[in-house]
Structure formats: structure tokens, C-alpha cells
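Structure data (PDB, C-alpha atoms) from start.pdb:
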ATOM      1  CA  MET K   8    -104.097 -48.992 -25.239
ATOM      2  CA  LYS K   9    -101.449 -46.291 -25.348
ATOM      3  CA  GLU K  10    -102.422 -42.649 -25.394
ATOM      4  CA  ARG K  11    -101.281 -41.007 -28.596
ATOM      5  CA  ILE K  12    -101.720 -37.804 -30.556
ATOM      6  CA  ILE K  13    -104.447 -38.099 -33.181
ATOM      7  CA  ALA K  14    -104.528 -35.562 -36.004
ATOM      8  CA  VAL K  15    -106.283 -35.044 -39.318
ATOM      9  CA  ASN K  16    -104.218 -34.516 -42.449
ATOM     10  CA  SER K  17    -105.496 -31.400 -44.214
ATOM     11  CA  ASN K  18    -105.066 -33.309 -47.495
ATOM     12  CA  THR K  19    -108.415 -34.851 -46.505
ATOM     13  CA  TYR K  20    -109.768 -31.461 -47.628
ATOM     14  CA  HIS K  21    -108.095 -31.656 -51.055
ATOM     15  CA  GLY K  22    -109.936 -29.234 -53.332
ATOM     16  CA  PHE K  23    -111.173 -27.149 -50.408
ATOM     17  CA  SER K  24    -109.542 -24.272 -48.552
ATOM     18  CA  LEU K  25    -107.369 -24.559 -45.470
ATOM     19  CA  ASP K  26    -109.869 -22.397 -43.591
ATOM     20  CA  GLU K  27    -112.567 -24.981 -44.360
ATOM     21  CA  ALA K  28    -110.235 -27.753 -43.240
ATOM     22  CA  VAL K  29    -109.390 -26.058 -39.949
ATOM     23  CA  GLU K  30    -113.038 -25.390 -39.198
ATOM     24  CA  GLY K  31    -114.159 -28.942 -40.048
ATOM     25  CA  ILE K  32    -111.356 -30.639 -38.133
ATOM     26  CA  ALA K  33    -111.899 -28.526 -35.027
ATOM     27  CA  ALA K  34    -115.683 -28.976 -35.192
ATOM     28  CA  ALA K  35    -115.206 -32.767 -35.175
ATOM     29  CA  GLY K  36    -113.371 -32.480 -31.853
ATOM     30  CA  PHE K  37    -109.751 -32.900 -32.930
ATOM     31  CA  HIS K  38    -106.889 -30.966 -31.376
ATOM     32  CA  TYR K  39    -104.156 -31.613 -33.946
ATOM     33  CA  ILE K  40    -103.719 -31.119 -37.672
ATOM     34  CA  GLU K  41    -101.171 -32.167 -40.275
ATOM     35  CA  LEU K  42    -100.770 -29.328 -42.745
ATOM     36  CA  THR K  43    -100.304 -30.128 -46.423
ATOM     37  CA  ALA K  44     -97.781 -28.322 -48.589
ATOM     38  CA  THR K  45     -97.597 -30.660 -51.577
ATOM     39  CA  LYS K  46     -96.747 -28.712 -54.715
ATOM     40  CA  GLY K  47     -99.182 -29.292 -57.555
ATOM     41  CA  TRP K  48    -101.649 -31.176 -55.382
ATOM     42  CA  THR K  49    -102.804 -29.738 -52.061
ATOM     43  CA  GLU K  50    -101.106 -26.425 -51.334
ATOM     44  CA  HIS K  51    -102.802 -25.390 -48.103
ATOM     45  CA  VAL K  52     -99.569 -23.736 -47.015
ATOM     46  CA  ARG K  53     -96.644 -22.703 -49.198
ATOM     47  CA  ALA K  54     -93.171 -21.394 -48.479
ATOM     48  CA  ASP K  55     -93.811 -18.443 -50.831
ATOM     49  CA  MET K  56     -96.884 -17.219 -48.934
ATOM     50  CA  SER K  57     -96.573 -13.743 -47.467
ATOM     51  CA  PHE K  58     -95.503 -13.517 -43.846
ATOM     52  CA  SER K  59     -98.802 -11.840 -42.970
ATOM     53  CA  GLU K  60    -100.782 -14.741 -44.486
ATOM     54  CA  LEU K  61     -98.673 -17.324 -42.654
ATOM     55  CA  CYS K  62     -99.249 -15.433 -39.409
ATOM     56  CA  ARG K  63    -102.988 -15.313 -40.123
ATOM     57  CA  ILE K  64    -103.045 -19.070 -40.611
ATOM     58  CA  LYS K  65    -101.046 -19.635 -37.442
ATOM     59  CA  GLN K  66    -103.481 -17.472 -35.481
ATOM     60  CA  LYS K  67    -106.480 -19.259 -36.998
ATOM     61  CA  LEU K  68    -105.044 -22.599 -35.927
ATOM     62  CA  SER K  69    -104.474 -21.277 -32.415
ATOM     63  CA  ASN K  70    -108.002 -19.869 -32.215
ATOM     64  CA  ALA K  71    -109.355 -23.250 -33.336
ATOM     65  CA  GLY K  72    -107.333 -25.068 -30.670
ATOM     66  CA  LEU K  73    -105.325 -27.023 -33.251
ATOM     67  CA  GLY K  74    -101.665 -27.841 -32.786
ATOM     68  CA  VAL K  75     -99.582 -28.758 -35.821
ATOM     69  CA  ILE K  76     -98.077 -32.215 -35.353
ATOM     70  CA  GLY K  77     -96.696 -32.556 -38.865
ATOM     71  CA  MET K  78     -96.521 -31.227 -42.378
ATOM     72  CA  SER K  79     -96.893 -33.122 -45.641
ATOM     73  CA  GLY K  80     -94.120 -31.443 -47.578
ATOM     74  CA  HIS K  81     -93.746 -34.053 -50.320
ATOM     75  CA  CYS K  82     -90.958 -33.457 -52.810
ATOM     76  CA  ASN K  83     -89.075 -35.817 -55.078
ATOM     77  CA  LEU K  84     -86.103 -36.501 -52.827
ATOM     78  CA  SER K  85     -84.448 -38.533 -55.574
ATOM     79  CA  ASP K  86     -84.130 -35.329 -57.620
ATOM     80  CA  SER K  87     -81.370 -33.040 -56.348
ATOM     81  CA  GLU K  88     -83.119 -30.090 -58.001
ATOM     82  CA  ARG K  89     -86.055 -30.481 -55.579
ATOM     83  CA  LEU K  90     -83.947 -30.430 -52.394
ATOM     84  CA  LYS K  91     -84.148 -26.627 -52.157
ATOM     85  CA  ASP K  92     -87.953 -26.872 -52.274
ATOM     86  CA  PHE K  93     -87.895 -29.444 -49.505
ATOM     87  CA  ALA K  94     -85.509 -27.361 -47.393
ATOM     88  CA  ASP K  95     -88.006 -24.505 -47.726
ATOM     89  CA  ASN K  96     -90.759 -26.864 -46.556
ATOM     90  CA  ILE K  97     -88.685 -27.861 -43.519
ATOM     91  CA  LEU K  98     -88.408 -24.186 -42.577
ATOM     92  CA  LEU K  99     -92.124 -23.734 -43.236
ATOM     93  CA  ALA K 100     -92.930 -26.660 -40.949
ATOM     94  CA  HIS K 101     -90.618 -25.177 -38.324
ATOM     95  CA  PHE K 102     -92.553 -21.882 -38.503
ATOM     96  CA  PHE K 103     -95.694 -23.818 -37.589
ATOM     97  CA  GLU K 104     -93.784 -25.630 -34.802
ATOM     98  CA  ALA K 105     -94.337 -29.054 -36.353
ATOM     99  CA  PRO K 106     -92.060 -31.778 -34.942
ATOM    100  CA  PHE K 107     -92.497 -33.975 -38.048
ATOM    101  CA  ILE K 108     -92.214 -33.385 -41.770
ATOM    102  CA  VAL K 109     -93.537 -36.037 -44.157
ATOM    103  CA  SER K 110     -92.332 -36.874 -47.649
ATOM    104  CA  SER K 111     -92.330 -39.825 -49.972
ATOM    105  CA  ALA K 112     -88.961 -40.736 -51.463
ATOM    106  CA  GLY K 113     -90.309 -39.661 -54.847
ATOM    107  CA  GLU K 114     -93.020 -37.186 -55.766
ATOM    108  CA  ALA K 115     -96.253 -38.051 -54.024
ATOM    109  CA  HIS K 116     -98.742 -36.947 -56.665
ATOM    110  CA  LEU K 117     -96.764 -35.546 -59.583
ATOM    111  CA  LYS K 118     -95.152 -37.854 -62.122
ATOM    112  CA  ASP K 119     -91.540 -38.543 -61.164
ATOM    113  CA  LYS K 120     -88.927 -37.033 -63.418
ATOM    114  CA  VAL K 121     -86.213 -39.096 -61.777
ATOM    115  CA  GLN K 122     -86.200 -42.589 -60.334
ATOM    116  CA  SER K 123     -83.081 -43.273 -58.316
ATOM    117  CA  ALA K 124     -81.592 -46.091 -56.315
ATOM    118  CA  ASN K 125     -81.725 -45.954 -52.535
ATOM    119  CA  ALA K 126     -78.083 -44.890 -52.363
ATOM    120  CA  VAL K 127     -78.809 -41.731 -54.375
ATOM    121  CA  VAL K 128     -81.949 -40.878 -52.376
ATOM    122  CA  ALA K 129     -80.085 -41.483 -49.117
ATOM    123  CA  LYS K 130     -77.221 -39.232 -50.228
ATOM    124  CA  ASN K 131     -79.702 -36.430 -51.024
ATOM    125  CA  ILE K 132     -81.512 -36.819 -47.714
ATOM    126  CA  ARG K 133     -78.262 -36.752 -45.745
ATOM    127  CA  THR K 134     -77.633 -33.225 -47.069
ATOM    128  CA  LEU K 135     -80.822 -32.182 -45.235
ATOM    129  CA  LEU K 136     -79.840 -33.645 -41.867
ATOM    130  CA  PRO K 137     -78.124 -30.510 -40.485
ATOM    131  CA  LEU K 138     -81.226 -28.428 -41.225
ATOM    132  CA  LEU K 139     -83.502 -31.025 -39.624
ATOM    133  CA  LYS K 140     -81.241 -31.012 -36.565
ATOM    134  CA  ARG K 141     -81.259 -27.213 -36.288
ATOM    135  CA  CYS K 142     -85.056 -27.189 -36.520
ATOM    136  CA  GLY K 143     -85.461 -30.017 -33.999
ATOM    137  CA  MET K 144     -87.506 -31.874 -36.576
ATOM    138  CA  ARG K 145     -87.807 -35.480 -37.711
ATOM    139  CA  LEU K 146     -88.302 -36.480 -41.341
ATOM    140  CA  VAL K 147     -90.645 -39.430 -41.795
ATOM    141  CA  ILE K 148     -90.548 -41.162 -45.185
ATOM    142  CA  GLU K 149     -93.988 -42.279 -46.315
ATOM    143  CA  VAL K 150     -94.914 -45.733 -47.529
ATOM    144  CA  HIS K 151     -95.779 -44.697 -51.081
ATOM    145  CA  GLY K 152     -95.113 -45.482 -54.728
ATOM    146  CA  GLU K 153     -91.963 -47.507 -55.403
ATOM    147  CA  HIS K 154     -91.398 -47.576 -51.636
ATOM    148  CA  GLY K 155     -94.864 -49.075 -51.207
ATOM    149  CA  SER K 156     -94.191 -51.185 -48.127
ATOM    150  CA  GLY K 157     -92.715 -50.624 -44.714
ATOM    151  CA  LYS K 158     -89.893 -53.006 -45.591
ATOM    152  CA  ALA K 159     -89.024 -50.961 -48.695
ATOM    153  CA  VAL K 160     -88.875 -47.724 -46.692
ATOM    154  CA  ASP K 161     -86.957 -49.482 -43.929
ATOM    155  CA  ALA K 162     -84.227 -50.395 -46.411
ATOM    156  CA  LEU K 163     -83.927 -46.732 -47.364
ATOM    157  CA  ILE K 164     -83.879 -45.696 -43.684
ATOM    158  CA  ALA K 165     -81.010 -48.137 -43.077
ATOM    159  CA  GLU K 166     -79.071 -46.536 -45.947
ATOM    160  CA  ILE K 167     -79.551 -43.050 -44.435
ATOM    161  CA  ASP K 168     -78.652 -44.240 -40.918
ATOM    162  CA  SER K 169     -79.938 -41.277 -38.906
ATOM    163  CA  SER K 170     -82.193 -41.146 -35.870
ATOM    164  CA  ASP K 171     -83.765 -38.050 -37.446
ATOM    165  CA  VAL K 172     -85.221 -40.041 -40.378
ATOM    166  CA  LYS K 173     -87.868 -42.679 -39.715
ATOM    167  CA  ILE K 174     -90.930 -44.271 -41.352
ATOM    168  CA  ASN K 175     -94.353 -42.744 -41.866
ATOM    169  CA  TYR K 176     -96.465 -45.887 -42.163
ATOM    170  CA  ASP K 177     -99.485 -45.348 -44.432
ATOM    171  CA  THR K 178    -101.914 -48.173 -43.709
ATOM    172  CA  ALA K 179    -103.718 -48.037 -47.075
ATOM    173  CA  ASN K 180    -100.727 -47.248 -49.279
ATOM    174  CA  ALA K 181     -99.164 -50.526 -48.138
ATOM    175  CA  ILE K 182    -102.107 -52.252 -49.823
ATOM    176  CA  PHE K 183    -102.562 -49.949 -52.823
ATOM    177  CA  TYR K 184     -98.899 -49.532 -53.786
ATOM    178  CA  GLY K 185     -97.155 -52.382 -51.995
ATOM    179  CA  GLY K 186     -99.726 -55.154 -52.249
ATOM    180  CA  VAL K 187     -98.754 -56.340 -48.765
ATOM    181  CA  ASP K 188    -100.620 -57.259 -45.593
ATOM    182  CA  PRO K 189    -100.293 -54.122 -43.448
ATOM    183  CA  ALA K 190    -100.249 -56.044 -40.165
ATOM    184  CA  ALA K 191     -97.345 -58.312 -41.114
ATOM    185  CA  ASP K 192     -95.509 -55.467 -42.836
ATOM    186  CA  LEU K 193     -95.943 -53.051 -39.911
ATOM    187  CA  ALA K 194     -94.821 -55.675 -37.399
ATOM    188  CA  ALA K 195     -91.614 -56.209 -39.374
ATOM    189  CA  VAL K 196     -90.595 -52.532 -39.236
ATOM    190  CA  VAL K 197     -92.389 -51.167 -36.166
ATOM    191  CA  SER K 198     -89.155 -50.230 -34.386
ATOM    192  CA  ASN K 199     -88.456 -47.661 -37.130
ATOM    193  CA  VAL K 200     -92.003 -46.278 -37.375
ATOM    194  CA  ALA K 201     -92.351 -42.798 -35.880
ATOM    195  CA  TYR K 202     -95.576 -41.566 -37.511
ATOM    196  CA  LEU K 203     -98.617 -43.090 -39.219
ATOM    197  CA  HIS K 204    -101.126 -42.027 -41.810
ATOM    198  CA  ILE K 205    -104.156 -44.039 -40.787
ATOM    199  CA  LYS K 206    -106.096 -44.427 -43.997
ATOM    200  CA  ASP K 207    -108.800 -46.971 -44.746
ATOM    201  CA  LYS K 208    -109.129 -48.922 -47.984
ATOM    202  CA  ALA K 209    -112.277 -50.090 -49.769
ATOM    203  CA  GLY K 210    -112.935 -51.692 -53.151
ATOM    204  CA  GLU K 211    -110.291 -53.561 -55.122
ATOM    205  CA  LYS K 212    -106.731 -53.439 -53.825
ATOM    206  CA  ASN K 213    -105.575 -51.335 -56.787
ATOM    207  CA  GLU K 214    -108.641 -49.067 -56.754
ATOM    208  CA  TRP K 215    -108.378 -45.468 -55.564
ATOM    209  CA  ASN K 216    -110.925 -45.784 -52.764
ATOM    210  CA  PHE K 217    -109.958 -44.452 -49.331
ATOM    211  CA  PRO K 218    -113.082 -43.794 -47.222
ATOM    212  CA  ALA K 219    -113.645 -42.670 -43.644
ATOM    213  CA  LEU K 220    -112.113 -44.887 -40.989
ATOM    214  CA  GLY K 221    -114.222 -47.978 -40.352
ATOM    215  CA  LYS K 222    -115.810 -47.874 -43.813
ATOM    216  CA  GLY K 223    -113.196 -50.092 -45.483
ATOM    217  CA  PHE K 224    -111.377 -53.326 -44.721
ATOM    218  CA  VAL K 225    -108.191 -52.166 -42.929
ATOM    219  CA  ASP K 226    -107.982 -53.911 -39.543
ATOM    220  CA  PHE K 227    -107.075 -50.912 -37.411
ATOM    221  CA  PRO K 228    -107.486 -52.655 -34.016
ATOM    222  CA  LYS K 229    -104.898 -55.223 -35.122
ATOM    223  CA  LEU K 230    -102.507 -52.519 -36.311
ATOM    224  CA  PHE K 231    -102.909 -50.510 -33.121
ATOM    225  CA  SER K 232    -102.303 -53.631 -31.041
ATOM    226  CA  ILE K 233     -98.983 -54.125 -32.857
ATOM    227  CA  LEU K 234     -97.962 -50.583 -31.980
ATOM    228  CA  ASP K 235     -98.998 -51.059 -28.353
ATOM    229  CA  ALA K 236     -97.196 -54.395 -28.052
ATOM    230  CA  HIS K 237     -93.970 -52.697 -29.123
ATOM    231  CA  ASP K 238     -94.508 -49.661 -26.874
ATOM    232  CA  ASN K 239     -94.751 -47.466 -29.970
ATOM    233  CA  ALA K 240     -96.721 -44.284 -29.228
ATOM    234  CA  SER K 241     -96.324 -42.680 -32.668
ATOM    235  CA  PRO K 242     -98.877 -40.014 -33.656
ATOM    236  CA  LEU K 243    -101.762 -41.050 -35.882
ATOM    237  CA  SER K 244    -102.788 -38.730 -38.715
ATOM    238  CA  ILE K 245    -106.115 -39.495 -40.381
ATOM    239  CA  GLU K 246    -106.128 -39.195 -44.153
ATOM    240  CA  ILE K 247    -109.294 -39.657 -46.208
ATOM    241  CA  GLU K 248    -108.899 -39.478 -49.992
ATOM    242  CA  PHE K 249    -112.330 -40.751 -51.114
ATOM    243  CA  THR K 250    -112.507 -42.062 -54.692
ATOM    244  CA  LYS K 251    -110.945 -40.641 -57.851
ATOM    245  CA  ASP K 252    -114.021 -38.415 -58.208
ATOM    246  CA  GLY K 253    -113.287 -36.857 -54.825
ATOM    247  CA  ALA K 254    -115.823 -35.655 -52.293
ATOM    248  CA  LYS K 255    -118.923 -34.133 -53.831
ATOM    249  CA  ASP K 256    -118.986 -31.213 -51.384
ATOM    250  CA  ILE K 257    -117.572 -29.930 -48.111
ATOM    251  CA  ASP K 258    -120.390 -31.572 -46.154
ATOM    252  CA  GLU K 259    -119.249 -35.001 -47.335
ATOM    253  CA  VAL K 260    -115.707 -34.286 -46.172
ATOM    254  CA  ASN K 261    -116.832 -33.017 -42.774
ATOM    255  CA  ARG K 262    -119.089 -36.044 -42.339
ATOM    256  CA  ALA K 263    -116.199 -38.416 -43.134
ATOM    257  CA  VAL K 264    -113.993 -36.640 -40.579
ATOM    258  CA  ARG K 265    -116.730 -36.906 -37.937
ATOM    259  CA  ASP K 266    -117.321 -40.575 -38.793
ATOM    260  CA  SER K 267    -113.600 -41.230 -38.380
ATOM    261  CA  ALA K 268    -113.600 -39.490 -35.010
ATOM    262  CA  ASP K 269    -116.569 -41.592 -33.897
ATOM    263  CA  TYR K 270    -114.821 -44.772 -35.054
ATOM    264  CA  LEU K 271    -111.674 -44.050 -33.049
ATOM    265  CA  MET K 272    -113.656 -43.100 -29.964
ATOM    266  CA  ARG K 273    -115.559 -46.404 -30.208
ATOM    267  CA  LEU K 274    -112.171 -48.107 -30.061
ATOM    268  CA  GLY K 275    -111.448 -46.233 -26.826
ATOM    269  CA  TYR K 276    -109.290 -43.372 -28.044
ATOM    270  CA  THR K 277    -109.703 -39.744 -27.002
ATOM    271  CA  LEU K 278    -109.129 -37.029 -29.547
TER     272      LEU K 278
END
Take the structure I supplied and represent it as C-alpha cells, if you would.
Amino acid sequence: MKERIIAVNSNTYHGFSLDEAVEGIAAAGFHYIELTATKGWTEHVRADMSFSELCRIKQKLSNAGLGVIGMSGHCNLSDSERLKDFADNILLAHFFEAPFIVSSAGEAHLKDKVQSANAVVAKNIRTLLPLLKRCGMRLVIEVHGEHGSGKAVDALIAEIDSSDVKINYDTANAIFYGGVDPAADLAAVVSNVAYLHIKDKAGEKNEWNFPALGKGFVDFPKLFSILDAHDNASPLSIEIEFTKDGAKDIDEVNRAVRDSADYLMRLGYTL
């Protein structure tokens, strides 16, 4: 079992404040966080925040012992009008010293205005490569929506052809959006996976039901064994999205984060 960074995506605390997320994640024993800056969904950090507020957040993270491994900066990368927003999110992630920035190819939670072929998306992303290089950052494209499988994202990655753009493999999105077996799909693209959202899935395959790790049917030991067999030590970022009704209160979210920590530690991981 390879040692790897394990974080919690602050989107797990959708509907709650970043301060609550930081406190809950640290209390559960984690040392890393993925910040969420998804416009119109979870805006825990934003590029238009005041410098003093960004500094306050950075200090709070430091006081809590949380490093920032990544940022969910989802923008519709098929829409050239959103590239400026995403460039701002790259700089925001750089401020928090995050080595990874996450986006889907299209909008993650807002309805797409534009649906473009891979060639158009790849052309847009290539305009961002100099900025990624200057910031020492890697863009990881999430398995999501129309790119609902690792193979679909891998085809886009091949079109971009840059070592600075890889796959963020979302273990539940592959089921929910792609309708594929995550183990077979991950194995097919593992060489291009640089980051994972480890998210469980319960209920029907097309049902919005993403509970704490170990509470659904995703075979995480099998997925982790695939990573290990290919010497892939990509960071794991826990994302819990509950049902469409969301968590009933902050205690439910904190309990799910603790349950997920306990599950990973039972598998032999250290936080």
C-alpha cells in the first residue's frame, strides 16, 4: 500500500461556511484540504475576495494544520468567455500554494451554455498552459458530465498533449455520469491519472446519492490496488455529496467526514 496524501474536498461542506469546513476536517484528523471555488455552487474561496479575507483564510488553514493540495475551480472550459474566470482561479489556487487545480471540461454544476468538441476544449485549455507553467501547477480534468468516464477524459488529454494536464478520476461520477465500471475504467487510464476524488455511491446508478466512504457500493480496495500496482501515488480527495436534499445539519457532515476517516484507517491508511 503506497503512502499518499489524503484530503477532504470542502465541497463536502456545500451549504456551510469554509470556517465550518476547516474546523470539521481538522477535527477528524486530516492534514490536507481541497478548497472549492465553483461559481454558483460552492464558493468557499473566490478570486474577488479582499486580500485581507484571503490572508485570514490562509492563516486559519495554517492554524488548523491543513495544507491545500488542490482547488476545485470548475469553469466551462469549452466556453472561451469563461477562460478569464479560470485563469483567475489558477492564480487563486497559486496564492494558497495548491499544486493542483481541478475542473470539468464543462461547467460542473451550472447548465452548460456551450457544448464543444474535444478539439475546441483542447484549444482553449492550451491557452492556459503558460500560466499553469508559471504557477508550477497541474490542471486535472474531472470525470464528469459528457466526459463521464476516464476514457472520455483521456481522449481529451491526448488532444491537449501536455504533461501539465492530467485526469482527476472521480470514482462515483464514473458510475453516475459514465455508467462504467470504475475498476476497469481506471485501469485503462491509470497512467494519466494524477488526482482522484474518492466518492462513494449508493442507491440507483443514476440517483444523486453519494454517502460517506464505506456506506455505498464503490470497491475502494480494488481501486486502490490498481493505483498501487501501477506505482501511482496520486493524492486522494474525499468528496461527500449526500442526497439531493443535502445534509440536514453540520453535525451530519462532520459525522460523514469522521466515518470516512475511520474507513480509510481501517484499510491501513494514515491521514
Long-range neighbours of segment 39-47 of chain K as a ChimeraX atom specification, 6 Å cut-off, all atoms listed in the file, 4 positions minimum in chain: /K:14-18,51-53,73-81
Test item: the PyMOL selection byres ((chain K and resi 27-38) around 6) resolved as a PyMOL selection string: chain K and resi 20+24-26+39+72-73+261+265+278
Within 9 Å of Pro218 of chain K using all atoms listed in the file, minus same-chain residues under 4 positions, as a ChimeraX atom specification: /K:206-209,222-223,246-250,263
Restrict the selected residues to C-alpha atoms and save them as an mmCIF file, in the coordinates of the input.
data_model
loop_
_atom_site.group_PDB
_atom_site.id
_atom_site.type_symbol
_atom_site.label_atom_id
_atom_site.label_comp_id
_atom_site.auth_asym_id
_atom_site.auth_seq_id
_atom_site.Cartn_x
_atom_site.Cartn_y
_atom_site.Cartn_z
ATOM 1 C CA LYS K 206 -106.096 -44.427 -43.997
ATOM 2 C CA ASP K 207 -108.800 -46.971 -44.746
ATOM 3 C CA LYS K 208 -109.129 -48.922 -47.984
ATOM 4 C CA ALA K 209 -112.277 -50.090 -49.769
ATOM 5 C CA LYS K 222 -115.810 -47.874 -43.813
ATOM 6 C CA GLY K 223 -113.196 -50.092 -45.483
ATOM 7 C CA GLU K 246 -106.128 -39.195 -44.153
ATOM 8 C CA ILE K 247 -109.294 -39.657 -46.208
ATOM 9 C CA GLU K 248 -108.899 -39.478 -49.992
ATOM 10 C CA PHE K 249 -112.330 -40.751 -51.114
ATOM 11 C CA THR K 250 -112.507 -42.062 -54.692
ATOM 12 C CA ALA K 263 -116.199 -38.416 -43.134
#
Ground truth for the PyMOL selection byres ((chain K and resi 238) around 12), written as a CSV table (one decimal) with C-alpha atoms, in the coordinates of the input:
chain,number,residue,atom,x,y,z
K,8,MET,CA,-104.1,-49.0,-25.2
K,9,LYS,CA,-101.4,-46.3,-25.3
K,10,GLU,CA,-102.4,-42.6,-25.4
K,11,ARG,CA,-101.3,-41.0,-28.6
K,197,VAL,CA,-92.4,-51.2,-36.2
K,198,SER,CA,-89.2,-50.2,-34.4
K,200,VAL,CA,-92.0,-46.3,-37.4
K,201,ALA,CA,-92.4,-42.8,-35.9
K,231,PHE,CA,-102.9,-50.5,-33.1
K,232,SER,CA,-102.3,-53.6,-31.0
K,233,ILE,CA,-99.0,-54.1,-32.9
K,234,LEU,CA,-98.0,-50.6,-32.0
K,235,ASP,CA,-99.0,-51.1,-28.4
K,236,ALA,CA,-97.2,-54.4,-28.1
K,237,HIS,CA,-94.0,-52.7,-29.1
K,239,ASN,CA,-94.8,-47.5,-30.0
K,240,ALA,CA,-96.7,-44.3,-29.2
K,241,SER,CA,-96.3,-42.7,-32.7
Selection result for the PyMOL selection byres ((chain K and resi 211) around 12) on this file, as a list of chain:residue names: K:Ala179, K:Ile182, K:Phe183, K:Gly186, K:Lys208, K:Ala209, K:Gly210, K:Lys212, K:Asn213, K:Glu214, K:Trp215, K:Asn216, K:Phe217, K:Gly223, K:Phe224, K:Thr250
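Atom CA of Ser85 of chain K is found 27.2 Å from atom CA of Gly22 of chain K.
Nearest to Val172 of chain K of all the residues K:Gly113, K:Pro137, K:Pro228, K:Gly275 is K:Pro137, based on all atoms listed in the file.
Distances here use all atoms listed in the file; by that measure, the residue among K:Phe227, K:Gly157, K:Lys67, K:Ala191 closest to Phe103 of chain K is K:Lys67.
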Residue contacts of Leu136 of chain K (12 Å, all atoms listed in the file) excluding same-chain residues fewer than 3 positions away, as a VMD selection string: chain K and resid 90 93 to 94 97 129 to 133 139 to 146 167 to 172
Two-atom distance - atom CA of Val150 of chain K, atom CA of Leu274 of chain K (Å): 24.7 Å
For atom CA of His21 of chain K and atom CA of Thr49 of chain K, the interatomic separation in Å (one decimal): 5.7 Å
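Distance check against Val127 of chain K using all atoms listed in the file: of K:Glu153, K:Asp266, K:Asp188, K:Asp86, the minimum falls on K:Asp86.
Nearest residue to Ser111 of chain K among K:Lys229, K:Arg63, K:His151, K:Arg262 is K:His151, counting all atoms listed in the file.
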Axis-aligned box for segment 172-187 of chain K, 5 Å per side, centre and edges in Å as AutoDock Vina command-line options:
--center_x -94.5 --center_y -48.2 --center_z -46.8 --size_x 28.5 --size_y 26.3 --size_z 24.1
Give me the residues near Val128 of chain K as a tab-separated table (two decimals) with C-alpha atoms, keeping the file's coordinate frame, where near means some atom within 12 Å (using only C-alpha atoms) and where sequence neighbours in that chain fewer than 5 positions away do not count.
chain	number	residue	atom	x	y	z
K	82	CYS	CA	-90.96	-33.46	-52.81
K	83	ASN	CA	-89.08	-35.82	-55.08
K	84	LEU	CA	-86.10	-36.50	-52.83
K	85	SER	CA	-84.45	-38.53	-55.57
K	86	ASP	CA	-84.13	-35.33	-57.62
K	87	SER	CA	-81.37	-33.04	-56.35
K	89	ARG	CA	-86.06	-30.48	-55.58
K	90	LEU	CA	-83.95	-30.43	-52.39
K	111	SER	CA	-92.33	-39.83	-49.97
K	112	ALA	CA	-88.96	-40.74	-51.46
K	113	GLY	CA	-90.31	-39.66	-54.85
K	121	VAL	CA	-86.21	-39.10	-61.78
K	122	GLN	CA	-86.20	-42.59	-60.33
K	123	SER	CA	-83.08	-43.27	-58.32
K	133	ARG	CA	-78.26	-36.75	-45.74
K	134	THR	CA	-77.63	-33.22	-47.07
K	135	LEU	CA	-80.82	-32.18	-45.24
K	148	ILE	CA	-90.55	-41.16	-45.18
K	154	HIS	CA	-91.40	-47.58	-51.64
K	160	VAL	CA	-88.88	-47.72	-46.69
K	162	ALA	CA	-84.23	-50.40	-46.41
K	163	LEU	CA	-83.93	-46.73	-47.36
K	164	ILE	CA	-83.88	-45.70	-43.68
K	165	ALA	CA	-81.01	-48.14	-43.08
K	166	GLU	CA	-79.07	-46.54	-45.95
K	167	ILE	CA	-79.55	-43.05	-44.44
